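The structure appears right after this line, and notes come after that.
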Amino acid sequence: MKRQIVVPLLIIICILLLFSGGFSRVAGYVQQPLVSAGTSIFRWVYFAAASPTMSIDEIENLIEQRNSFAIDQAEYEELVDENEELRALLGFSERTAYSHIPASIIARSPLDDTDRFVIDKGESEGVKVGLPVVIDDGFLIGKVTSVTNENATVTGLTHIESATAVSILNLNKTIGLLEGEGGSLLSMSYIPQDQELETNDLVVTSGLEEYVPGGLLVGVINAIQEDSQAPFKEAVVEPLADAKQYSRVFVILESGL
Amino acid sequence: MMRFFIVVALFLVVSIIQMAFFTSLPEPFSLTPFLLVVSVYLIQRFGFSLIGWWIVFQGFILDFYHLSSVPFEFFSYSATAVIAVFASRSLFSNRSFYGVLGAIVTTLLSLSVFELLITIVLITFHSSQVQFSVLFMFVIWRTILAAAFLFLIYPFTEKILKLGWIVDYKSTFSR
């Protein structure tokens, strides 16, 4: 009789402890180095497979250069827009920095196509569903899809259920919906036929989505799929950042705009 | 009481290694079912039936953090735990590598069947996006990696077994 009461009671206590804030924090200290170790192996294998003739440093330099050019171009486009607004509004405009918190990845999905991971920040630090998650260069990699008091689950852009409001940095600043397809590429749909796009155009967040500020870099157009019979055309977008290569991220709390 | 805490503590260690380290490795190694292999190995080789709860808890954690693209993992993993214990204790011999391998492959295939059934039921009643080709590849890789992983750890654990220390815990875990 005593055993029948004690064992279920212990199970309940263990489950409560398992998901209480204190335990999550302690587990996070153990999990973070393990995620970092796994991520380091991933990066090493990824770079070695990407180009056997180049060293890892050379590839990292090239990626840094590409990212730097992408940031410069996005900033340039933003500055042009801002300049026009400034002229129109006679000096009234202030770009406010985004409020963000750093977070560590403490667990990832066991399914590779799922592109979901758990971070060590939750509701207690102001994280809520829908907030964007970026890496150190400011590239968007996903959004918070569920949250507990101490942790949050982030769904990556490539996840099949992921959808983000974006715009293309072309002449018309074409807006559209960027959706994950379960693979490594993204699909941008609902682009009107009359919009002119080119491959290598940058794709940024449009700012039309709640909590997601505009101008966050997402990816570059890889291919354009046109069908003259359809009202819209589609673009294949290659994300600029892969969440699997990072073990630390930032959650943007407020756009400040 | 003591065995309960040992089982919970060991589960946390194995689960953290699975969720934090293995899932961060490059494809296809990130698909290694570390927790399932260790669980079935312990149930099969040493008769630690209580370890079946590890599989149930793993399903619960996947659902709790919404980490799996297959819904209701708790039910799939719970049913798999029953199959794991049955296969380990009644279907396959625990005296050879192939016996343990048979139990692990049966468990993994059962898990895949349960996941597939839940997915089909969900698609029938609700609109849901599932890529069956991806799921199929995942099942194949998971099975290959489980066999490879067992092939690596089996001789190692057998050597430890020969040292005799794990036998002391046999009475702690079984039943």
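Every chain in the structure tokens has a letter given in the order shown (A, B, ...), and although residue numbers restart at 1 in each chain, ligands are simply numbered from 1 in the order shown.
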- Query: Could you name the residues that touch Gly142 (chain A) at 6 Å or less, counting only C-alpha atoms, but leaving out those on the same chain fewer than 5 positions away, as a ChimeraX atom specification?
  - Reply: /A:133,155-157
Would you tabulate, counting only C-alpha atoms, all residues of chain B that have an atom at most 9 Å from an atom of chain A, showing the closest pair of atoms and their distance in Å to one decimal, sorted by chain then ascending number, as JSON lines?
```
{"residue": "B:Met1", "atom": "CA", "partner": "A:Val7", "partner_atom": "CA", "distance": 8.0}
{"residue": "B:Phe4", "atom": "CA", "partner": "A:Val7", "partner_atom": "CA", "distance": 8.4}
{"residue": "B:Val8", "atom": "CA", "partner": "A:Cys14", "partner_atom": "CA", "distance": 8.0}
{"residue": "B:Leu12", "atom": "CA", "partner": "A:Ala27", "partner_atom": "CA", "distance": 8.9}
{"residue": "B:Ile16", "atom": "CA", "partner": "A:Gln31", "partner_atom": "CA", "distance": 6.3}
{"residue": "B:Ile17", "atom": "CA", "partner": "A:Leu34", "partner_atom": "CA", "distance": 7.1}
{"residue": "B:Gln18", "atom": "CA", "partner": "A:Pro110", "partner_atom": "CA", "distance": 8.1}
{"residue": "B:Met19", "atom": "CA", "partner": "A:Ala107", "partner_atom": "CA", "distance": 5.0}
{"residue": "B:Ala20", "atom": "CA", "partner": "A:Ala107", "partner_atom": "CA", "distance": 4.5}
{"residue": "B:Phe21", "atom": "CA", "partner": "A:Leu34", "partner_atom": "CA", "distance": 4.8}
{"residue": "B:Phe22", "atom": "CA", "partner": "A:Gly38", "partner_atom": "CA", "distance": 6.7}
{"residue": "B:Thr23", "atom": "CA", "partner": "A:Pro110", "partner_atom": "CA", "distance": 5.5}
{"residue": "B:Ser24", "atom": "CA", "partner": "A:Gly38", "partner_atom": "CA", "distance": 4.6}
{"residue": "B:Leu25", "atom": "CA", "partner": "A:Gly38", "partner_atom": "CA", "distance": 4.8}
{"residue": "B:Pro26", "atom": "CA", "partner": "A:Phe42", "partner_atom": "CA", "distance": 4.6}
{"residue": "B:Glu27", "atom": "CA", "partner": "A:Asp112", "partner_atom": "CA", "distance": 7.4}
{"residue": "B:Pro28", "atom": "CA", "partner": "A:Asp112", "partner_atom": "CA", "distance": 8.2}
{"residue": "B:Ser30", "atom": "CA", "partner": "A:Pro110", "partner_atom": "CA", "distance": 6.9}
{"residue": "B:Leu31", "atom": "CA", "partner": "A:Pro110", "partner_atom": "CA", "distance": 6.0}
{"residue": "B:Thr32", "atom": "CA", "partner": "A:Pro110", "partner_atom": "CA", "distance": 8.3}
{"residue": "B:Pro33", "atom": "CA", "partner": "A:Pro110", "partner_atom": "CA", "distance": 8.2}
{"residue": "B:Leu62", "atom": "CA", "partner": "A:Ser109", "partner_atom": "CA", "distance": 8.1}
{"residue": "B:Tyr65", "atom": "CA", "partner": "A:Thr153", "partner_atom": "CA", "distance": 6.2}
{"residue": "B:His66", "atom": "CA", "partner": "A:Thr153", "partner_atom": "CA", "distance": 7.1}
{"residue": "B:Leu67", "atom": "CA", "partner": "A:Ser109", "partner_atom": "CA", "distance": 4.9}
{"residue": "B:Ser68", "atom": "CA", "partner": "A:Ser109", "partner_atom": "CA", "distance": 6.1}
{"residue": "B:Ser69", "atom": "CA", "partner": "A:Thr114", "partner_atom": "CA", "distance": 5.8}
{"residue": "B:Gln129", "atom": "CA", "partner": "A:Ile160", "partner_atom": "CA", "distance": 7.3}
{"residue": "B:Val130", "atom": "CA", "partner": "A:Ile160", "partner_atom": "CA", "distance": 8.4}
{"residue": "B:Gln131", "atom": "CA", "partner": "A:Gly182", "partner_atom": "CA", "distance": 8.1}
{"residue": "B:Val134", "atom": "CA", "partner": "A:Asp113", "partner_atom": "CA", "distance": 7.6}
{"residue": "B:Leu135", "atom": "CA", "partner": "A:Leu111", "partner_atom": "CA", "distance": 8.9}
{"residue": "B:Phe138", "atom": "CA", "partner": "A:Leu111", "partner_atom": "CA", "distance": 7.5}
```
- Message: If we count only C-alpha atoms and set the cut-off at 8 Å, which residues sit around Leu36 (chain B), ignoring sequence neighbours fewer than 5 positions away in its own chain? Please answer as a PyMOL selection string.
- Response: chain B and resi 55+104+108
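With CA of Leu117 (chain B) on one side and CA of Thr143 (chain B) on the other, the separation reads 18.6 Å.
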- Item | Shortest interatomic distance to Ala9 (chain B) - which of B:Phe29, B:Arg95, B:Phe125, B:Ile51, counting only C-alpha atoms | B:Ile51
- Task: Please provide as a list of chain:residue names all residues within 8 Å of Ile43 (chain B), with the sequence filter that same-chain residues fewer than 4 positions apart are discarded (counting only C-alpha atoms).
- Result: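 Here the answer would be B:Ser39, B:Gly47, B:Phe48, B:Ser49, B:Leu50, B:Ile51, B:Gly52, B:Ala84, B:Val85, B:Ser88, B:Arg89.
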For N, CA and C atoms, I'd like the residues from the last selection saved as a PDB file, in the first residue's frame.
```pdb
ATOM      1  N   SER B  39      18.610   2.193 -24.226  1.00  0.00           N
ATOM      2  CA  SER B  39      17.476   1.632 -23.470  1.00  0.00           C
ATOM      3  C   SER B  39      17.276   0.160 -23.799  1.00  0.00           C
ATOM      4  N   GLY B  47      18.205  -7.240 -18.649  1.00  0.00           N
ATOM      5  CA  GLY B  47      16.858  -7.448 -18.112  1.00  0.00           C
ATOM      6  C   GLY B  47      16.360  -6.308 -17.241  1.00  0.00           C
ATOM      7  N   PHE B  48      16.862  -5.089 -17.492  1.00  0.00           N
ATOM      8  CA  PHE B  48      16.429  -3.927 -16.700  1.00  0.00           C
ATOM      9  C   PHE B  48      15.112  -3.383 -17.266  1.00  0.00           C
ATOM     10  N   SER B  49      13.998  -4.016 -16.918  1.00  0.00           N
ATOM     11  CA  SER B  49      12.701  -3.633 -17.512  1.00  0.00           C
ATOM     12  C   SER B  49      12.295  -2.194 -17.173  1.00  0.00           C
ATOM     13  N   LEU B  50      12.730  -1.728 -16.017  1.00  0.00           N
ATOM     14  CA  LEU B  50      12.368  -0.370 -15.580  1.00  0.00           C
ATOM     15  C   LEU B  50      12.851   0.688 -16.569  1.00  0.00           C
ATOM     16  N   ILE B  51      13.897   0.348 -17.342  1.00  0.00           N
ATOM     17  CA  ILE B  51      14.461   1.286 -18.320  1.00  0.00           C
ATOM     18  C   ILE B  51      13.450   1.601 -19.432  1.00  0.00           C
ATOM     19  N   GLY B  52      12.424   0.733 -19.575  1.00  0.00           N
ATOM     20  CA  GLY B  52      11.377   1.001 -20.566  1.00  0.00           C
ATOM     21  C   GLY B  52      10.739   2.368 -20.364  1.00  0.00           C
ATOM     22  N   ALA B  84       9.431  -2.805 -26.900  1.00  0.00           N
ATOM     23  CA  ALA B  84      10.854  -2.964 -26.565  1.00  0.00           C
ATOM     24  C   ALA B  84      11.039  -4.003 -25.454  1.00  0.00           C
ATOM     25  N   VAL B  85      10.207  -3.882 -24.409  1.00  0.00           N
ATOM     26  CA  VAL B  85      10.316  -4.820 -23.285  1.00  0.00           C
ATOM     27  C   VAL B  85       9.927  -6.232 -23.739  1.00  0.00           C
ATOM     28  N   SER B  88      12.614  -7.647 -26.148  1.00  0.00           N
ATOM     29  CA  SER B  88      13.861  -7.918 -25.442  1.00  0.00           C
ATOM     30  C   SER B  88      13.773  -9.151 -24.544  1.00  0.00           C
ATOM     31  N   ARG B  89      12.608  -9.320 -23.926  1.00  0.00           N
ATOM     32  CA  ARG B  89      12.495 -10.390 -22.938  1.00  0.00           C
ATOM     33  C   ARG B  89      11.918 -11.680 -23.509  1.00  0.00           C
TER      34      ARG B  89
END
```
- Task: Could you give me, as an NGL selection string, the residues within 8 Å of Pro71 (chain B), counting only C-alpha atoms and dropping anything in the same chain fewer than 3 positions from it?
- Result: :B and (63 or 68 or 115 or 118-119)
Next, the residues of the selection above should be written as a JSON list (two decimals), in the first residue's frame with N, CA and C atoms.
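The resulting file, part_11.json, is reproduced below:
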```
[["chain", "number", "residue", "atom", "x", "y", "z"],
["B", 63, "ASP", "N", 7.20, 15.86, -27.03],
["B", 63, "ASP", "CA", 5.91, 16.55, -27.14],
["B", 63, "ASP", "C", 5.92, 17.86, -26.35],
["B", 68, "SER", "N", 9.40, 17.39, -32.29],
["B", 68, "SER", "CA", 9.25, 16.43, -33.39],
["B", 68, "SER", "C", 8.20, 16.92, -34.38],
["B", 115, "GLU", "N", 4.43, 5.92, -35.37],
["B", 115, "GLU", "CA", 4.48, 7.32, -35.83],
["B", 115, "GLU", "C", 3.71, 7.48, -37.12],
["B", 118, "ILE", "N", -0.12, 7.31, -36.48],
["B", 118, "ILE", "CA", -0.64, 8.56, -35.92],
["B", 118, "ILE", "C", -0.69, 9.64, -37.00],
["B", 119, "THR", "N", 0.35, 9.67, -37.85],
["B", 119, "THR", "CA", 0.39, 10.66, -38.92],
["B", 119, "THR", "C", -0.76, 10.44, -39.90]]
```
- Query: How many Å lie between CA of Leu177 (chain A) and CA of Ser162 (chain A), rounded to one decimal?
  - Reply: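 If I compute the distance from CA of Leu177 (chain A) to CA of Ser162 (chain A), I get 10.1 Å.
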